[in-house]
>>> print(open('query.tsv').read())   # TSV, C-alpha atoms
chain	number	residue	atom	x	y	z
A	1	MET	CA	169.46	34.90	198.25
A	2	THR	CA	172.97	34.94	196.78
A	3	ASP	CA	173.45	31.28	195.84
A	4	LEU	CA	174.00	31.55	192.10
A	5	ARG	CA	173.35	27.86	191.55
A	6	ALA	CA	169.92	28.20	193.16
A	7	LEU	CA	169.24	31.44	191.32
A	8	LEU	CA	170.16	29.83	188.02
A	9	ASP	CA	167.53	27.17	188.67
A	10	ILE	CA	164.95	29.87	189.39
A	11	ALA	CA	165.97	31.74	186.22
A	12	SER	CA	165.58	28.55	184.20
A	13	GLN	CA	162.09	28.04	185.62
A	14	ALA	CA	161.20	31.64	184.75
A	15	VAL	CA	162.36	31.16	181.18
A	16	ASP	CA	160.40	27.89	180.99
A	17	GLN	CA	157.29	29.90	181.78
A	18	ALA	CA	158.22	32.55	179.23
A	19	ALA	CA	158.75	29.92	176.54
A	20	ALA	CA	155.36	28.42	177.37
A	21	VAL	CA	153.72	31.82	176.82
A	22	VAL	CA	155.45	32.12	173.45
A	23	SER	CA	154.24	28.69	172.40
A	24	GLN	CA	150.65	29.34	173.47
A	25	LYS	CA	150.01	32.97	172.56
A	26	ALA	CA	149.88	34.79	169.23
A	27	VAL	CA	152.04	37.83	168.56
A	28	GLY	CA	148.91	39.98	168.86
A	29	THR	CA	148.72	43.71	168.35
A	30	VAL	CA	151.99	45.43	167.52
A	31	THR	CA	152.46	48.99	168.76
A	32	ALA	CA	155.10	51.47	167.67
A	33	LYS	CA	157.48	52.76	170.33
A	34	GLY	CA	159.67	55.47	168.89
A	35	ASP	CA	161.33	55.56	165.50
A	36	ARG	CA	161.25	52.15	163.77
A	37	ASP	CA	160.81	50.23	167.01
A	38	MET	CA	157.88	48.19	168.24
A	39	VAL	CA	156.39	46.12	171.03
A	40	SER	CA	153.92	43.27	170.65
A	41	GLU	CA	151.26	41.91	172.97
A	42	LEU	CA	153.44	38.81	173.24
A	43	ASP	CA	156.39	40.86	174.56
A	44	LEU	CA	154.17	42.33	177.27
A	45	ALA	CA	152.63	38.97	178.21
A	46	VAL	CA	156.05	37.31	178.56
A	47	GLU	CA	157.42	40.16	180.65
A	48	GLU	CA	154.41	40.13	182.97
A	49	ARG	CA	154.62	36.36	183.50
A	50	VAL	CA	158.34	36.44	184.30
A	51	ARG	CA	158.07	39.52	186.51
A	52	THR	CA	155.28	37.94	188.56
A	53	PHE	CA	157.15	34.63	188.93
A	54	LEU	CA	160.42	36.25	189.98
A	55	HIS	CA	158.72	38.60	192.41
A	56	THR	CA	157.20	35.57	194.12
A	57	GLU	CA	160.40	33.51	194.12
A	58	THR	CA	162.95	36.26	194.82
A	59	PRO	CA	161.14	39.31	196.27
A	60	GLU	CA	164.44	40.67	197.59
A	61	ILE	CA	165.92	40.99	194.08
A	62	GLY	CA	165.12	43.95	191.84
A	63	PHE	CA	163.73	43.59	188.34
A	64	LEU	CA	164.29	45.52	185.12
A	65	GLY	CA	162.26	44.67	182.03
A	66	GLU	CA	162.67	46.21	178.60
A	67	GLU	CA	159.00	47.01	178.14
A	68	GLN	CA	157.77	48.12	181.56
A	69	GLY	CA	160.93	49.03	183.43
A	70	GLY	CA	161.31	48.22	187.10
A	71	GLN	CA	163.59	49.03	190.00
A	72	ARG	CA	166.73	47.93	191.80
A	73	LEU	CA	166.25	46.86	195.41
A	74	GLY	CA	169.86	46.10	196.33
A	75	ASN	CA	172.98	44.89	194.60
A	76	LEU	CA	171.13	42.17	192.62
A	77	THR	CA	168.77	42.88	189.73
A	78	TRP	CA	167.06	40.60	187.22
A	79	SER	CA	167.23	41.98	183.69
A	80	LEU	CA	164.78	40.70	181.08
A	81	ASP	CA	164.23	41.14	177.38
A	82	PRO	CA	160.98	39.20	176.90
A	83	ILE	CA	161.48	38.90	173.14
A	84	ASP	CA	164.90	40.01	171.93
A	85	GLY	CA	164.35	40.48	168.21
A	86	THR	CA	160.74	41.68	168.11
A	87	ALA	CA	161.09	42.96	164.54
A	88	ASN	CA	162.16	39.45	163.50
A	89	LEU	CA	159.27	37.91	165.45
A	90	VAL	CA	156.68	40.19	163.85
A	91	SER	CA	158.03	39.39	160.38
A	92	GLY	CA	158.01	35.63	160.99
A	93	ILE	CA	161.80	35.38	161.16
A	94	PRO	CA	162.65	32.79	163.84
A	95	LEU	CA	165.78	34.61	165.05
A	96	CYS	CA	164.60	35.91	168.41
A	97	GLY	CA	165.05	34.90	172.02
A	98	ILE	CA	164.01	35.23	175.63
A	99	SER	CA	166.93	36.73	177.53
A	100	LEU	CA	167.04	36.76	181.34
A	101	GLY	CA	170.16	37.91	183.14
A	102	LEU	CA	171.13	38.69	186.70
A	103	LEU	CA	173.25	41.73	187.53
A	104	ARG	CA	175.39	42.16	190.60
A	105	ASN	CA	175.65	45.93	190.63
A	106	ASP	CA	176.80	46.52	187.02
A	107	THR	CA	178.27	43.09	186.31
A	108	ALA	CA	176.34	40.26	184.66
A	109	VAL	CA	176.76	37.13	186.77
A	110	LEU	CA	174.08	34.77	185.43
A	111	GLY	CA	172.10	34.29	182.26
A	112	VAL	CA	169.55	32.09	180.54
A	113	ILE	CA	168.73	32.51	176.84
A	114	ASP	CA	166.00	30.50	175.16
A	115	LEU	CA	165.52	30.57	171.39
A	116	PRO	CA	161.97	29.21	171.21
A	117	PHE	CA	161.65	28.88	167.44
A	118	LEU	CA	165.06	27.22	167.14
A	119	GLN	CA	164.45	24.98	170.18
A	120	ASP	CA	167.75	26.02	171.67
A	121	ARG	CA	168.79	27.09	175.18
A	122	TYR	CA	171.96	28.43	176.81
A	123	GLN	CA	172.76	29.19	180.43
A	124	ALA	CA	175.62	30.13	182.72
A	125	ALA	CA	176.45	31.39	186.18
A	126	GLU	CA	179.62	33.01	187.42
A	127	GLY	CA	182.32	30.44	188.13
A	128	GLN	CA	180.22	27.51	186.90
A	129	GLY	CA	180.82	27.45	183.15
A	130	ALA	CA	178.40	27.92	180.26
A	131	TYR	CA	176.12	25.25	178.85
A	132	ARG	CA	173.80	24.43	175.97
A	133	PHE	CA	171.26	21.81	177.05
A	134	GLY	CA	173.61	20.58	179.75
A	135	GLN	CA	176.65	20.32	177.48
A	136	ARG	CA	179.53	22.68	178.21
A	137	ILE	CA	180.21	25.22	175.46
A	138	HIS	CA	183.31	27.12	174.39
A	139	PRO	CA	184.08	29.83	171.82
A	140	SER	CA	185.75	29.02	168.54
A	141	ARG	CA	189.49	28.60	168.11
A	142	THR	CA	189.62	30.97	165.15
A	143	THR	CA	192.70	33.17	165.29
A	144	ARG	CA	192.47	35.20	162.07
A	145	LEU	CA	189.76	37.72	161.24
A	146	HIS	CA	190.10	36.63	157.62
A	147	GLU	CA	188.66	33.25	158.70
A	148	ALA	CA	186.00	34.61	161.07
A	149	ILE	CA	182.23	35.02	160.85
A	150	VAL	CA	181.36	38.23	162.69
A	151	ALA	CA	177.93	39.50	163.71
A	152	VAL	CA	177.20	43.21	163.92
A	153	GLY	CA	174.42	44.79	165.93
A	154	ASP	CA	171.49	46.60	164.39
A	155	TYR	CA	172.04	50.08	163.05
A	156	ALA	CA	170.82	52.96	165.21
A	157	VAL	CA	167.36	54.44	164.81
A	158	GLY	CA	165.77	57.51	166.31
A	159	GLU	CA	167.26	60.92	166.94
A	160	ARG	CA	170.77	61.42	165.50
A	161	ALA	CA	170.66	57.99	163.88
A	162	ALA	CA	172.75	59.14	160.91
A	163	GLU	CA	175.48	60.42	163.23
A	164	HIS	CA	175.41	57.29	165.38
A	165	ASN	CA	175.54	55.05	162.34
A	166	ARG	CA	178.69	56.60	160.92
A	167	GLN	CA	181.03	54.32	162.83
A	168	ARG	CA	178.67	51.33	162.49
A	169	LEU	CA	178.80	51.67	158.72
A	170	LYS	CA	182.58	51.98	158.81
A	171	ILE	CA	182.81	48.82	160.92
A	172	THR	CA	180.68	47.01	158.37
A	173	GLN	CA	182.91	48.23	155.55
A	174	LEU	CA	186.09	47.14	157.32
A	175	LEU	CA	184.61	43.75	158.16
A	176	ALA	CA	183.62	43.31	154.52
A	177	GLU	CA	187.28	43.83	153.66
A	178	ARG	CA	188.82	41.76	156.47
A	179	ALA	CA	186.41	39.07	157.72
A	180	LEU	CA	185.30	35.82	156.13
A	181	ARG	CA	181.62	36.80	156.45
A	182	VAL	CA	179.51	39.49	158.14
A	183	ARG	CA	176.10	38.77	159.68
A	184	MET	CA	173.35	40.99	161.12
A	185	LEU	CA	170.96	38.63	162.90
A	186	GLY	CA	168.81	41.21	164.70
A	187	SER	CA	169.12	39.70	168.19
A	188	ALA	CA	171.87	40.48	170.68
A	189	ALA	CA	170.92	37.37	172.64
A	190	ILE	CA	171.62	35.16	169.63
A	191	ASP	CA	174.84	36.99	168.77
A	192	LEU	CA	176.24	36.52	172.27
A	193	ALA	CA	175.08	32.94	172.75
A	194	TRP	CA	176.50	31.93	169.40
A	195	VAL	CA	179.88	33.53	170.10
A	196	ALA	CA	179.87	31.63	173.39
A	197	SER	CA	179.21	28.36	171.59
A	198	GLY	CA	181.52	28.92	168.61
A	199	ARG	CA	178.85	29.35	165.95
A	200	LEU	CA	180.02	32.93	165.51
A	201	ASP	CA	183.59	34.05	166.04
A	202	ALA	CA	182.87	37.59	167.24
A	203	SER	CA	180.06	40.07	167.75
A	204	ILE	CA	180.27	43.86	167.59
A	205	ALA	CA	177.45	46.07	168.88
A	206	LEU	CA	177.86	49.78	169.59
A	207	SER	CA	175.08	49.67	172.17
A	208	ASN	CA	174.55	48.14	175.58
A	209	HIS	CA	171.08	47.88	177.11
A	210	PRO	CA	171.09	45.58	180.15
A	211	TRP	CA	168.00	43.67	179.04
A	212	ASP	CA	169.67	42.95	175.68
A	213	THR	CA	173.10	42.00	176.93
A	214	ALA	CA	173.16	40.85	180.58
A	215	ALA	CA	172.32	37.19	179.96
A	216	GLY	CA	174.49	36.88	176.86
A	217	ILE	CA	177.50	38.53	178.44
A	218	ALA	CA	177.34	36.18	181.43
A	219	ILE	CA	177.13	33.18	179.10
A	220	ALA	CA	179.90	34.36	176.76
A	221	ARG	CA	182.25	35.22	179.62
A	222	GLU	CA	181.73	31.87	181.34
A	223	ALA	CA	182.27	30.06	178.04
A	224	GLY	CA	185.68	31.71	177.72
A	225	ALA	CA	185.02	34.43	175.16
A	226	HIS	CA	186.39	37.94	175.63
A	227	THR	CA	183.62	40.35	176.67
A	228	MET	CA	184.71	43.96	176.50
A	229	ASP	CA	184.10	47.53	175.42
A	230	THR	CA	185.69	49.14	172.37
A	231	ALA	CA	188.91	49.83	174.30
A	232	GLY	CA	189.26	46.23	175.45
A	233	ARG	CA	188.21	46.90	179.04
A	234	PRO	CA	186.05	44.23	180.71
A	235	HIS	CA	182.41	44.66	179.76
A	236	GLU	CA	180.06	46.18	182.33
A	237	MET	CA	176.49	47.41	182.05
A	238	THR	CA	177.90	50.95	182.05
A	239	SER	CA	179.96	50.22	178.90
A	240	THR	CA	178.89	52.06	175.76
A	241	ALA	CA	179.39	49.03	173.51
A	242	THR	CA	179.17	45.25	173.69
A	243	ILE	CA	182.06	43.42	172.05
A	244	THR	CA	182.56	39.66	172.29
A	245	ALA	CA	185.24	37.64	170.56
A	246	ALA	CA	186.89	34.26	170.55
A	247	PRO	CA	190.17	34.53	172.50
A	248	GLY	CA	192.32	34.35	169.38
A	249	LEU	CA	190.51	37.26	167.72
A	250	ARG	CA	190.58	39.81	170.53
A	251	ASP	CA	193.46	41.91	169.23
A	252	GLU	CA	192.32	41.97	165.60
A	253	VAL	CA	188.80	42.96	166.58
A	254	LEU	CA	190.12	45.79	168.76
A	255	ARG	CA	192.36	47.01	165.93
A	256	LEU	CA	189.40	47.06	163.58
A	257	LEU	CA	187.36	49.09	166.09
A	258	GLN	CA	190.21	51.57	166.48
A	259	ASP	CA	190.52	51.89	162.71
A	260	SER	CA	186.78	52.49	162.38
A	261	ALA	CA	186.87	55.20	165.04
A	262	ASN	CA	189.81	56.96	163.41
A	263	THR	CA	188.30	56.99	159.93
A	264	SER	CA	184.73	57.89	160.97
A	265	ALA	CA	185.67	60.87	163.15
>>> encode(input="query.tsv", output="structure tokens")
Amino acid sequence: MTDLRALLDIASQAVDQAAAVVSQKAVGTVTAKGDRDMVSELDLAVEERVRTFLHTETPEIGFLGEEQGGQRLGNLTWSLDPIDGTANLVSGIPLCGISLGLLRNDTAVLGVIDLPFLQDRYQAAEGQGAYRFGQRIHPSRTTRLHEAIVAVGDYAVGERAAEHNRQRLKITQLLAERALRVRMLGSAAIDLAWVASGRLDASIALSNHPWDTAAGIAIAREAGAHTMDTAGRPHEMTSTATITAAPGLRDEVLRLLQDSANTSA
């Protein structure tokens, strides 16, 4: 099946089921997975429900979940983060989301993001625009970084975290000097959906896991935001960073990233 309109409907149904699990099930036991990372019983329950549904509806499409992995079967692969922002969820912070994307090879072509505790949903498919509850969305018209609210991704954890955080910290410092406000929301899905809808003006994350970014990149791109790597090349799942910006901020954001790389080397 390659009809993106039909696949978007299936993705929306899958996320409906995921949201129902979130509304009905407690967070449950939380288990550590690596340095300062965690998975909850709720993450696992959501992923299992969505995996089972999509396998039934689209057995010819591969599946990749954050918690239990998966496999690619051809050029199309579902990519799911069952709860993007688990640390927020566990702490009772309502900034977390269900993020389901579809990859064609390494390009995100479809996405549905549901923010269950904010009662908010975004979706898009390639060539069909991006929507929030059926209303078309667009990025902001901000053209000056000095007037922009910019989200930054979480700092690195695990092995070589200090080294990996050097440029992240420099980006934060430069944004503090140049942007209107800096935000760290703890969910890539929210960052990307809110750039797409103009609530944020840009988002900078020096990471790129397909389960975190596939849905949001598809939505942001269809909304009209720039989705790119740190050099300004079009974002792919092989990119080492996930940068989104309102059209009028692209050049300033790229200059800031270049400045951060030069001064953190």
>>> closest_residue(input="query.tsv", among="A:Ile61, A:Leu118, A:Ala32, A:Ala130", to="Ala193 in chain A", atoms="all atoms listed in the file")
A:Ala130
>>> atom_distance(input="query.tsv", atom1="CA of Leu249 in chain A", atom2="CA of Thr143 in chain A")
5.2 Å
>>> residues_around(input="query.tsv", residues="Val109 in chain A", least_positions_apart="6", cutoff="8 Å", atoms="all atoms listed in the file", output="JSON, numbers by chain")
{"A": [101, 102, 103, 125, 126, 218]}
>>> closest_residue(input="query.tsv", among="A:Ala108, A:Ala223, A:Asp251, A:Gly92", to="Thr238 in chain A", atoms="only C-alpha atoms")
A:Ala108
>>> closest_residue(input="query.tsv", among="A:Ala196, A:Leu4, A:Ala214, A:Val253", to="Glu66 in chain A", atoms="all atoms listed in the file")
A:Ala214
>>> atom_distance(input="query.tsv", atom1="CA of Leu64 in chain A", atom2="CA of Leu80 in chain A")
6.3 Å
>>> residues_near_point(input="query.tsv", point="(175.7, 50.1, 174.9)", cutoff="7 Å", atoms="only C-alpha atoms", output="short mmCIF file (atom, residue, chain, number, x, y, z; two decimals) with C-alpha atoms, keeping the file's coordinate frame")
data_model
loop_
_atom_site.label_atom_id
_atom_site.label_comp_id
_atom_site.auth_asym_id
_atom_site.auth_seq_id
_atom_site.Cartn_x
_atom_site.Cartn_y
_atom_site.Cartn_z
CA LEU A 206 177.86 49.78 169.59
CA SER A 207 175.08 49.67 172.17
CA ASN A 208 174.55 48.14 175.58
CA HIS A 209 171.08 47.88 177.11
CA SER A 239 179.96 50.22 178.90
CA THR A 240 178.89 52.06 175.76
CA ALA A 241 179.39 49.03 173.51
CA THR A 242 179.17 45.25 173.69
#
>>> closest_residue(input="query.tsv", among="A:Val50, A:Met38, A:Leu110, A:Ala124", to="Thr86 in chain A", atoms="all atoms listed in the file")
A:Met38
>>> residues_around(input="query.tsv", residues="Gly232 in chain A", least_positions_apart="4", cutoff="9 Å", atoms="all atoms listed in the file", output="NGL selection string")
:A and (226-228 or 243 or 250-251 or 254)
>>> write_last_selection(input="query.tsv", atoms="C-alpha atoms", output="mmCIF file, keeping the file's coordinate frame")
data_model
loop_
_atom_site.group_PDB
_atom_site.id
_atom_site.type_symbol
_atom_site.label_atom_id
_atom_site.label_comp_id
_atom_site.auth_asym_id
_atom_site.auth_seq_id
_atom_site.Cartn_x
_atom_site.Cartn_y
_atom_site.Cartn_z
ATOM 1 C CA HIS A 226 186.390 37.940 175.630
ATOM 2 C CA THR A 227 183.620 40.350 176.670
ATOM 3 C CA MET A 228 184.710 43.960 176.500
ATOM 4 C CA ILE A 243 182.060 43.420 172.050
ATOM 5 C CA ARG A 250 190.580 39.810 170.530
ATOM 6 C CA ASP A 251 193.460 41.910 169.230
ATOM 7 C CA LEU A 254 190.120 45.790 168.760
#
>>> build_atoms(input="query.tsv", residues="range 66-77 of chain A", atoms="all heavy atoms", output="PDB file, in the coordinates of the input")
ATOM      1  N   GLU A  66     162.561  45.257 179.701  1.00  0.00           N
ATOM      2  CA  GLU A  66     162.670  46.210 178.600  1.00  0.00           C
ATOM      3  C   GLU A  66     161.390  47.009 178.406  1.00  0.00           C
ATOM      4  O   GLU A  66     161.433  48.210 178.143  1.00  0.00           O
ATOM      5  CB  GLU A  66     163.016  45.509 177.287  1.00  0.00           C
ATOM      6  CG  GLU A  66     163.102  46.499 176.131  1.00  0.00           C
ATOM      7  CD  GLU A  66     163.390  45.869 174.793  1.00  0.00           C
ATOM      8  OE1 GLU A  66     163.340  44.640 174.672  1.00  0.00           O
ATOM      9  OE2 GLU A  66     163.667  46.636 173.857  1.00  0.00           O
ATOM     10  N   GLU A  67     160.246  46.364 178.534  1.00  0.00           N
ATOM     11  CA  GLU A  67     159.000  47.010 178.140  1.00  0.00           C
ATOM     12  C   GLU A  67     158.367  47.852 179.231  1.00  0.00           C
ATOM     13  O   GLU A  67     157.769  48.884 178.950  1.00  0.00           O
ATOM     14  CB  GLU A  67     158.001  45.954 177.654  1.00  0.00           C
ATOM     15  CG  GLU A  67     158.537  45.021 176.579  1.00  0.00           C
ATOM     16  CD  GLU A  67     159.092  45.753 175.357  1.00  0.00           C
ATOM     17  OE1 GLU A  67     158.774  46.934 175.167  1.00  0.00           O
ATOM     18  OE2 GLU A  67     159.851  45.137 174.594  1.00  0.00           O
ATOM     19  N   GLN A  68     158.477  47.419 180.492  1.00  0.00           N
ATOM     20  CA  GLN A  68     157.770  48.120 181.560  1.00  0.00           C
ATOM     21  C   GLN A  68     158.688  48.569 182.693  1.00  0.00           C
ATOM     22  O   GLN A  68     158.216  48.982 183.747  1.00  0.00           O
ATOM     23  CB  GLN A  68     156.653  47.226 182.107  1.00  0.00           C
ATOM     24  CG  GLN A  68     155.583  46.936 181.044  1.00  0.00           C
ATOM     25  CD  GLN A  68     154.476  46.042 181.560  1.00  0.00           C
ATOM     26  OE1 GLN A  68     154.723  45.040 182.220  1.00  0.00           O
ATOM     27  NE2 GLN A  68     153.237  46.410 181.265  1.00  0.00           N
ATOM     28  N   GLY A  69     159.990  48.498 182.452  1.00  0.00           N
ATOM     29  CA  GLY A  69     160.930  49.030 183.430  1.00  0.00           C
ATOM     30  C   GLY A  69     160.992  48.214 184.698  1.00  0.00           C
ATOM     31  O   GLY A  69     160.829  46.995 184.691  1.00  0.00           O
ATOM     32  N   GLY A  70     161.205  48.888 185.815  1.00  0.00           N
ATOM     33  CA  GLY A  70     161.310  48.220 187.100  1.00  0.00           C
ATOM     34  C   GLY A  70     162.201  49.002 188.027  1.00  0.00           C
ATOM     35  O   GLY A  70     162.403  50.211 187.840  1.00  0.00           O
ATOM     36  N   GLN A  71     162.746  48.332 189.033  1.00  0.00           N
ATOM     37  CA  GLN A  71     163.590  49.030 190.000  1.00  0.00           C
ATOM     38  C   GLN A  71     164.618  48.074 190.593  1.00  0.00           C
ATOM     39  O   GLN A  71     164.438  46.860 190.588  1.00  0.00           O
ATOM     40  CB  GLN A  71     162.740  49.608 191.130  1.00  0.00           C
ATOM     41  CG  GLN A  71     161.994  48.567 191.942  1.00  0.00           C
ATOM     42  CD  GLN A  71     161.215  49.162 193.088  1.00  0.00           C
ATOM     43  OE1 GLN A  71     161.544  50.245 193.575  1.00  0.00           O
ATOM     44  NE2 GLN A  71     160.177  48.473 193.540  1.00  0.00           N
ATOM     45  N   ARG A  72     165.701  48.679 191.073  1.00  0.00           N
ATOM     46  CA  ARG A  72     166.730  47.930 191.800  1.00  0.00           C
ATOM     47  C   ARG A  72     166.420  48.020 193.278  1.00  0.00           C
ATOM     48  O   ARG A  72     166.096  49.085 193.791  1.00  0.00           O
ATOM     49  CB  ARG A  72     168.107  48.489 191.497  1.00  0.00           C
ATOM     50  CG  ARG A  72     168.530  48.307 190.046  1.00  0.00           C
ATOM     51  CD  ARG A  72     170.003  48.610 189.847  1.00  0.00           C
ATOM     52  NE  ARG A  72     170.439  48.284 188.501  1.00  0.00           N
ATOM     53  CZ  ARG A  72     171.709  48.158 188.141  1.00  0.00           C
ATOM     54  NH1 ARG A  72     172.675  48.336 189.030  1.00  0.00           N
ATOM     55  NH2 ARG A  72     172.042  47.859 186.897  1.00  0.00           N
ATOM     56  N   LEU A  73     166.529  46.890 193.973  1.00  0.00           N
ATOM     57  CA  LEU A  73     166.250  46.860 195.410  1.00  0.00           C
ATOM     58  C   LEU A  73     167.513  46.729 196.243  1.00  0.00           C
ATOM     59  O   LEU A  73     167.507  46.971 197.441  1.00  0.00           O
ATOM     60  CB  LEU A  73     165.311  45.688 195.725  1.00  0.00           C
ATOM     61  CG  LEU A  73     163.945  45.724 195.038  1.00  0.00           C
ATOM     62  CD1 LEU A  73     163.135  44.488 195.399  1.00  0.00           C
ATOM     63  CD2 LEU A  73     163.187  46.992 195.413  1.00  0.00           C
ATOM     64  N   GLY A  74     168.588  46.301 195.629  1.00  0.00           N
ATOM     65  CA  GLY A  74     169.860  46.100 196.330  1.00  0.00           C
ATOM     66  C   GLY A  74     170.931  45.933 195.290  1.00  0.00           C
ATOM     67  O   GLY A  74     170.898  46.564 194.242  1.00  0.00           O
ATOM     68  N   ASN A  75     171.892  45.049 195.563  1.00  0.00           N
ATOM     69  CA  ASN A  75     172.980  44.890 194.600  1.00  0.00           C
ATOM     70  C   ASN A  75     172.662  43.858 193.521  1.00  0.00           C
ATOM     71  O   ASN A  75     173.430  43.695 192.571  1.00  0.00           O
ATOM     72  CB  ASN A  75     174.278  44.527 195.310  1.00  0.00           C
ATOM     73  CG  ASN A  75     174.239  43.126 195.916  1.00  0.00           C
ATOM     74  OD1 ASN A  75     173.192  42.653 196.336  1.00  0.00           O
ATOM     75  ND2 ASN A  75     175.384  42.472 195.970  1.00  0.00           N
ATOM     76  N   LEU A  76     171.517  43.143 193.630  1.00  0.00           N
ATOM     77  CA  LEU A  76     171.130  42.170 192.620  1.00  0.00           C
ATOM     78  C   LEU A  76     169.881  42.626 191.885  1.00  0.00           C
ATOM     79  O   LEU A  76     168.915  43.089 192.509  1.00  0.00           O
ATOM     80  CB  LEU A  76     170.863  40.805 193.264  1.00  0.00           C
ATOM     81  CG  LEU A  76     172.053  40.055 193.869  1.00  0.00           C
ATOM     82  CD1 LEU A  76     171.581  38.757 194.505  1.00  0.00           C
ATOM     83  CD2 LEU A  76     173.132  39.781 192.819  1.00  0.00           C
ATOM     84  N   THR A  77     169.908  42.479 190.551  1.00  0.00           N
ATOM     85  CA  THR A  77     168.770  42.880 189.730  1.00  0.00           C
ATOM     86  C   THR A  77     168.594  41.906 188.573  1.00  0.00           C
ATOM     87  O   THR A  77     169.536  41.655 187.814  1.00  0.00           O
ATOM     88  CB  THR A  77     168.965  44.298 189.144  1.00  0.00           C
ATOM     89  OG1 THR A  77     169.248  45.215 190.187  1.00  0.00           O
ATOM     90  CG2 THR A  77     167.710  44.751 188.393  1.00  0.00           C
TER      91      THR A  77
END
